[in-house]
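Engineer: Before we start, here is the structure in question, set down as structure tokens.
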Amino acid sequence: MLDNGRAVIVGGSLAGLRTAQSLRREGHEGPITIISDEPHWPPYDRPPLSKQVLVGSLAPERVRLRVPDEVDAEVCTGVRAVGLDLAARTVLLEHSERVPYDGLVVATGASPRRIPATEALAGVHVLRTIDDSLALRAELEHAAQVVVVGAGFIGCEVASSCRALGLDVTIVDALPFPLTPLGARAGEIVRALHEANGVRLRLGTGVVGFDGDDRVRGVRLADGTTVGADVVVVGIGVVPATRWLDGSGLTLDDGVACDEACLARGGGDRVVAVGDVARWDHPRYGTSRIEHWTNAGEQAAHAAKALVHGREAAGPFAPVPYFWSDQFGRKLQFVGTCGADDEFAIVEGSVDDGRWVAAYGRDGVTVAALCVGWPARLAPWHQLVTEAAAFPPSVP
């Protein structure tokens, strides 16, 4: 346990900040050091980056998170952690500096996947940081045609934002429908929503190359066609930022492997992981790594308790996953988890009216719910999923 020694948090985004706050709430009175490879502090909120910041309706300074005075942390920005010595309890920084810890929080998040050989091609963007968002926004001011590679949440949100700016938008994805975590039926409804708002979707075909010498001019697809592009946005997922932990002794498995309490395996009860980088043993869903805003805050609170008071006091971290997305003026809210073979039923409202709820069932149990354009209905459906209510469910 931490015992009021030095807590070191590697990662200065939402998960890192929330862990610092939670450490203080759990009674930790010792020093806290936050190490962040980004230059920004206070940290910023990520959800607006693909929406309000990208279209210019929200100024960058408005997305800063508030840092309460009681956090009272030493913050080192623009500094990269490059190694971890578990035996000596030190974090190795670039330029050979070492920072000792009594308790360590790994909150380094994830890095966006990139398409190989595009680093030097102007006009090809990823969207993860506020600097990414501002650079993309600057290019969109002079663009006409945008190709979004990837029909996941970031890709669909960027497509929605670009259409709001009046741009010609095409989404390309090798999968047959968008938003695959929602399943095929919901994915087809989302596809229709995008098409109704002027987005072209080229699904079931991948990207094989790009036209243009120094700057992108088009995207070549596996079906032999080419889509013209002034700007390309790549949204094909992320990779947990764990390279700095290679060889450290922590167990790495598509993230930092943790037990039910979020204590890192191999860390001797003095290391926790939180946010996008953490993979833990969820008592209900098995090994899990969740890349969503809500989970980052909830996991930070739980991991802080485990670090201050120990595994038994913290107990298992067992949230029901929740995330949301805003597209074309509609809020999509999803709770639970679903699989390809789950039953799907629209149980409230109407797709045509743009306000509806769908329930997902597996083995007679309600395992997930999707609320579209109807935030007021989320809470009762969240409760049904949490309770593992029978499927088909009675409308709450």
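By order in the structure tokens, chains are A, B, ...; within a chain, residues start at 1; ligands start at 1, following the order shown.
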Each residue of stretch 297-335 of chain A lying at most 12 Å from stretch 36-50 of chain A should get a row with its shortest atom-to-atom pair and the distance in Å to one decimal, counting only C-alpha atoms; could you produce that, ordered by chain and increasing number, as a Markdown table?
Structural biologist:
```
| residue | atom | partner | partner_atom | distance |
| --- | --- | --- | --- | --- |
| A:Gly297 | CA | A:Asp45 | CA | 11.8 |
| A:Phe323 | CA | A:Pro47 | CA | 10.8 |
| A:Trp324 | CA | A:Pro47 | CA | 9.5 |
| A:Ser325 | CA | A:Pro47 | CA | 8.6 |
| A:Asp326 | CA | A:Pro47 | CA | 9.4 |
| A:Gln327 | CA | A:Ser50 | CA | 10.3 |
```
Engineer: Could you save those same residues with N, CA and C atoms as a short mmCIF file (atom, residue, chain, number, x, y, z; two decimals), in the first residue's frame?
Structural biologist:
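Listing of part-v7.cif after writing:
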```
data_model
loop_
_atom_site.label_atom_id
_atom_site.label_comp_id
_atom_site.auth_asym_id
_atom_site.auth_seq_id
_atom_site.Cartn_x
_atom_site.Cartn_y
_atom_site.Cartn_z
N GLY A 297 -12.78 7.70 -15.52
CA GLY A 297 -13.02 8.30 -14.22
C GLY A 297 -13.37 7.29 -13.15
N PHE A 323 -21.01 4.14 -22.89
CA PHE A 323 -20.39 5.18 -23.70
C PHE A 323 -21.46 5.88 -24.51
N TRP A 324 -21.06 7.02 -25.06
CA TRP A 324 -22.00 7.78 -25.88
C TRP A 324 -21.27 8.35 -27.09
N SER A 325 -22.06 8.75 -28.08
CA SER A 325 -21.52 9.39 -29.27
C SER A 325 -22.56 10.37 -29.79
N ASP A 326 -22.10 11.52 -30.30
CA ASP A 326 -23.00 12.52 -30.88
C ASP A 326 -22.78 12.57 -32.38
N GLN A 327 -23.85 12.32 -33.14
CA GLN A 327 -23.76 12.33 -34.59
C GLN A 327 -25.02 12.94 -35.18
#
```
Engineer: Could you list, as a PyMOL selection string, every residue within 9 Å of stretch 97-105 of chain A, counting only C-alpha atoms and ignoring same-chain residues fewer than 6 positions away?
Structural biologist: chain A and resi 1-11+16+19+33+88-91+267+269-274+303-304+307-308
Engineer: Can you write just those residues out, C-alpha atoms, as an mmCIF file, in the first residue's frame?
Structural biologist:
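Saved result, again.cif, follows:
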```
data_model
loop_
_atom_site.group_PDB
_atom_site.id
_atom_site.type_symbol
_atom_site.label_atom_id
_atom_site.label_comp_id
_atom_site.auth_asym_id
_atom_site.auth_seq_id
_atom_site.Cartn_x
_atom_site.Cartn_y
_atom_site.Cartn_z
ATOM 1 C CA MET A 1 0.000 0.000 0.000
ATOM 2 C CA LEU A 2 0.993 3.634 -0.462
ATOM 3 C CA ASP A 3 1.237 4.595 3.250
ATOM 4 C CA ASN A 4 1.415 8.343 2.474
ATOM 5 C CA GLY A 5 4.603 7.882 0.457
ATOM 6 C CA ARG A 6 5.159 9.413 -2.975
ATOM 7 C CA ALA A 7 2.540 8.623 -5.582
ATOM 8 C CA VAL A 8 3.756 8.952 -9.159
ATOM 9 C CA ILE A 9 1.188 9.137 -11.948
ATOM 10 C CA VAL A 10 2.487 8.614 -15.479
ATOM 11 C CA GLY A 11 -0.073 10.188 -17.784
ATOM 12 C CA GLY A 16 -4.335 10.609 -14.448
ATOM 13 C CA THR A 19 -6.639 9.342 -9.980
ATOM 14 C CA THR A 33 3.919 13.741 -8.980
ATOM 15 C CA ALA A 88 14.233 0.180 -7.235
ATOM 16 C CA ARG A 89 10.713 1.663 -7.453
ATOM 17 C CA THR A 90 11.736 4.320 -9.937
ATOM 18 C CA VAL A 91 10.346 5.652 -13.203
ATOM 19 C CA GLY A 267 3.739 -4.700 -9.579
ATOM 20 C CA ASP A 269 0.576 -4.236 -4.976
ATOM 21 C CA ARG A 270 2.260 -0.865 -5.538
ATOM 22 C CA VAL A 271 1.269 -0.342 -9.188
ATOM 23 C CA VAL A 272 -2.176 0.251 -10.648
ATOM 24 C CA ALA A 273 -3.305 0.974 -14.200
ATOM 25 C CA VAL A 274 -6.272 3.110 -15.233
ATOM 26 C CA ALA A 303 -7.562 2.109 -8.459
ATOM 27 C CA ALA A 304 -6.793 4.956 -6.041
ATOM 28 C CA LEU A 307 -3.441 1.791 -3.924
ATOM 29 C CA VAL A 308 -4.202 3.583 -0.636
#
```
Engineer: Between A:Ile346, A:Val335, A:Ala135, A:Leu23, which residue has the minimum interatomic distance to A:Val231, considering only C-alpha atoms?
Structural biologist: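 Closest to A:Val231 of all the choices is A:Ala135.
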Engineer: Excluding A:Pro181 and residues on its chain fewer than 4 positions from it, collect all residues at most 10 Å away from it, counting only C-alpha atoms, and give them as a list in words.
Structural biologist: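 Once the adjacent positions are removed, what remains is Gly152, Phe153, Ala186, Gly187, Phe334, Thr337, Cys338, Gly339 and Ala340 of chain A.
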Engineer: Please extract the residues of stretch 129-326 of chain A with a backbone DSSP assignment of strand (DSSP E or B) and present them as number ranges by chain.
Structural biologist: A: 145-149, 168-173, 200-203, 207-211, 215, 218-221, 226-228, 231-234, 238-240, 252, 256-258, 263-264, 271-273, 278-282, 286-288, 322-326
Engineer: Could you write out that same residue set with C-alpha atoms as an mmCIF file, in the first residue's frame?
Structural biologist:
```cif
data_model
loop_
_atom_site.group_PDB
_atom_site.id
_atom_site.type_symbol
_atom_site.label_atom_id
_atom_site.label_comp_id
_atom_site.auth_asym_id
_atom_site.auth_seq_id
_atom_site.Cartn_x
_atom_site.Cartn_y
_atom_site.Cartn_z
ATOM 1 C CA GLN A 145 -13.341 16.436 -50.149
ATOM 2 C CA VAL A 146 -12.704 14.454 -46.964
ATOM 3 C CA VAL A 147 -12.170 10.711 -46.740
ATOM 4 C CA VAL A 148 -12.544 9.108 -43.319
ATOM 5 C CA VAL A 149 -10.840 5.720 -43.019
ATOM 6 C CA ASP A 168 -18.006 16.267 -49.223
ATOM 7 C CA VAL A 169 -17.439 13.190 -47.012
ATOM 8 C CA THR A 170 -16.774 9.526 -47.748
ATOM 9 C CA ILE A 171 -16.286 6.868 -45.070
ATOM 10 C CA VAL A 172 -14.230 3.813 -46.012
ATOM 11 C CA ASP A 173 -14.103 0.625 -43.947
ATOM 12 C CA ARG A 200 -21.077 8.301 -48.821
ATOM 13 C CA LEU A 201 -20.039 4.975 -47.315
ATOM 14 C CA ARG A 202 -17.689 2.559 -49.043
ATOM 15 C CA LEU A 203 -17.961 -0.479 -46.805
ATOM 16 C CA VAL A 207 -7.449 0.974 -48.363
ATOM 17 C CA VAL A 208 -4.508 -0.191 -50.485
ATOM 18 C CA GLY A 209 -2.739 3.113 -51.150
ATOM 19 C CA PHE A 210 -2.855 6.846 -51.708
ATOM 20 C CA ASP A 211 -2.488 9.155 -54.677
ATOM 21 C CA ARG A 215 0.208 15.712 -50.386
ATOM 22 C CA GLY A 218 -6.914 10.389 -53.430
ATOM 23 C CA VAL A 219 -7.430 7.098 -51.606
ATOM 24 C CA ARG A 220 -7.082 3.836 -53.558
ATOM 25 C CA LEU A 221 -9.405 1.048 -52.458
ATOM 26 C CA THR A 226 -10.147 5.668 -56.098
ATOM 27 C CA VAL A 227 -11.874 8.288 -53.968
ATOM 28 C CA GLY A 228 -10.648 11.870 -54.342
ATOM 29 C CA VAL A 231 -7.896 15.554 -46.422
ATOM 30 C CA VAL A 232 -7.867 12.028 -45.017
ATOM 31 C CA VAL A 233 -8.716 11.239 -41.403
ATOM 32 C CA VAL A 234 -7.590 7.831 -40.157
ATOM 33 C CA VAL A 238 -5.686 2.700 -30.896
ATOM 34 C CA VAL A 239 -2.809 0.792 -29.320
ATOM 35 C CA PRO A 240 -2.251 0.913 -25.524
ATOM 36 C CA LEU A 252 1.603 -6.686 -20.692
ATOM 37 C CA VAL A 256 -1.243 -3.459 -18.562
ATOM 38 C CA ALA A 257 -2.735 -6.671 -17.165
ATOM 39 C CA CYS A 258 -4.402 -6.122 -13.775
ATOM 40 C CA LEU A 263 -3.560 -3.693 -9.305
ATOM 41 C CA ALA A 264 -1.023 -4.410 -12.035
ATOM 42 C CA VAL A 271 1.269 -0.342 -9.188
ATOM 43 C CA VAL A 272 -2.176 0.251 -10.648
ATOM 44 C CA ALA A 273 -3.305 0.974 -14.200
ATOM 45 C CA ALA A 278 -5.573 -0.909 -18.333
ATOM 46 C CA ARG A 279 -6.761 -4.476 -18.967
ATOM 47 C CA TRP A 280 -8.289 -5.990 -15.864
ATOM 48 C CA ASP A 281 -10.225 -9.061 -14.737
ATOM 49 C CA HIS A 282 -13.840 -7.921 -14.751
ATOM 50 C CA GLY A 286 -13.858 -11.378 -18.036
ATOM 51 C CA THR A 287 -10.667 -9.686 -19.163
ATOM 52 C CA SER A 288 -11.617 -6.171 -20.274
ATOM 53 C CA TYR A 322 -21.276 2.845 -20.863
ATOM 54 C CA PHE A 323 -20.385 5.178 -23.700
ATOM 55 C CA TRP A 324 -21.999 7.778 -25.883
ATOM 56 C CA SER A 325 -21.522 9.391 -29.269
ATOM 57 C CA ASP A 326 -23.000 12.518 -30.875
#
```
Engineer: Env of stretch 313-318 of chain A: 6 Å cut, atoms = only C-alpha atoms, seq-sep filter 2 positions within chain, self excluded. Answer as a VMD selection string.
Structural biologist: chain A and resid 260 to 261 282 305 to 306 309 to 311
Engineer: Write out, as a PDB file, in the first residue's frame, the residues just selected, with N, CA, C and O atoms.
Structural biologist:
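Below is the file part.pdb, written as the result:
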```
ATOM      1  N   GLU A 260      -8.640  -8.003 -10.383  1.00  0.00           N
ATOM      2  CA  GLU A 260      -9.991  -7.440 -10.281  1.00  0.00           C
ATOM      3  C   GLU A 260     -10.002  -6.061  -9.647  1.00  0.00           C
ATOM      4  O   GLU A 260     -10.907  -5.265  -9.883  1.00  0.00           O
ATOM      5  N   ALA A 261      -9.008  -5.754  -8.828  1.00  0.00           N
ATOM      6  CA  ALA A 261      -8.966  -4.468  -8.127  1.00  0.00           C
ATOM      7  C   ALA A 261      -8.183  -3.403  -8.890  1.00  0.00           C
ATOM      8  O   ALA A 261      -8.010  -2.296  -8.388  1.00  0.00           O
ATOM      9  N   HIS A 282     -12.489  -8.347 -15.124  1.00  0.00           N
ATOM     10  CA  HIS A 282     -13.840  -7.921 -14.751  1.00  0.00           C
ATOM     11  C   HIS A 282     -14.616  -9.153 -14.285  1.00  0.00           C
ATOM     12  O   HIS A 282     -14.685 -10.156 -15.000  1.00  0.00           O
ATOM     13  N   LYS A 305      -8.319   3.798  -4.572  1.00  0.00           N
ATOM     14  CA  LYS A 305      -8.683   3.129  -3.317  1.00  0.00           C
ATOM     15  C   LYS A 305      -7.820   1.897  -3.096  1.00  0.00           C
ATOM     16  O   LYS A 305      -7.354   1.638  -1.976  1.00  0.00           O
ATOM     17  N   ALA A 306      -7.581   1.133  -4.161  1.00  0.00           N
ATOM     18  CA  ALA A 306      -6.746  -0.065  -4.035  1.00  0.00           C
ATOM     19  C   ALA A 306      -5.319   0.299  -3.660  1.00  0.00           C
ATOM     20  O   ALA A 306      -4.678  -0.409  -2.869  1.00  0.00           O
ATOM     21  N   HIS A 309      -5.609   1.774   0.182  1.00  0.00           N
ATOM     22  CA  HIS A 309      -6.142   0.914   1.245  1.00  0.00           C
ATOM     23  C   HIS A 309      -5.929  -0.588   1.009  1.00  0.00           C
ATOM     24  O   HIS A 309      -6.191  -1.380   1.912  1.00  0.00           O
ATOM     25  N   GLY A 310      -5.493  -0.959  -0.177  1.00  0.00           N
ATOM     26  CA  GLY A 310      -5.233  -2.360  -0.447  1.00  0.00           C
ATOM     27  C   GLY A 310      -6.332  -3.045  -1.232  1.00  0.00           C
ATOM     28  O   GLY A 310      -7.457  -2.545  -1.372  1.00  0.00           O
ATOM     29  N   ARG A 311      -5.999  -4.230  -1.745  1.00  0.00           N
ATOM     30  CA  ARG A 311      -6.887  -4.994  -2.624  1.00  0.00           C
ATOM     31  C   ARG A 311      -8.209  -5.349  -1.954  1.00  0.00           C
ATOM     32  O   ARG A 311      -9.286  -5.187  -2.534  1.00  0.00           O
TER      33      ARG A 311
END
```
Engineer: Output as a ChimeraX atom specification all residues of stretch 166-271 of chain A that backbone DSSP marks as helix (DSSP H, G or I).
Structural biologist: /A:180-182,184-196,243-245
Engineer: One decimal, in Å: what's the spacing between atom CA of A:Trp374 and atom CA of A:Arg185?
Structural biologist: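 Separation of atom CA of A:Trp374 and atom CA of A:Arg185: 18.5 Å.
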Engineer: So, with only C-alpha atoms as the atoms that count, which of A:Ala358, A:Cys76, A:Ile290, A:Ala117 lies closest to A:Gly255?
Structural biologist: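 Residue with the minimum atom-to-atom distance to A:Gly255: A:Ile290.
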Engineer: Could you name the residues that touch A:Leu245 at 8 Å or less, counting only C-alpha atoms, but leaving out those on the same chain fewer than 5 positions away, as number ranges by chain?
Structural biologist: A: 82-84, 250
Engineer: Would you mind telling me which residue in A:Arg24, A:Arg113, A:Ala300, A:Ala159 lies nearest to A:Pro68 when using only C-alpha atoms?
Structural biologist: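 Selected residue with least distance to A:Pro68: A:Arg24.
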Engineer: From the options A:Ala20, A:Cys156, A:Ile32, A:Leu182, which residue's atoms come nearest to A:Ala301, counting only C-alpha atoms?
Structural biologist: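 So, comparing all the options, the nearest one is A:Ala20.
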Engineer: Pick out the closest residue to A:Ala229 from this set: A:Leu121, A:Cys262, A:Ala144, A:Leu179. Count only C-alpha atoms.
Structural biologist: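 Of the candidates, the smallest distance to A:Ala229 is held by A:Ala144.
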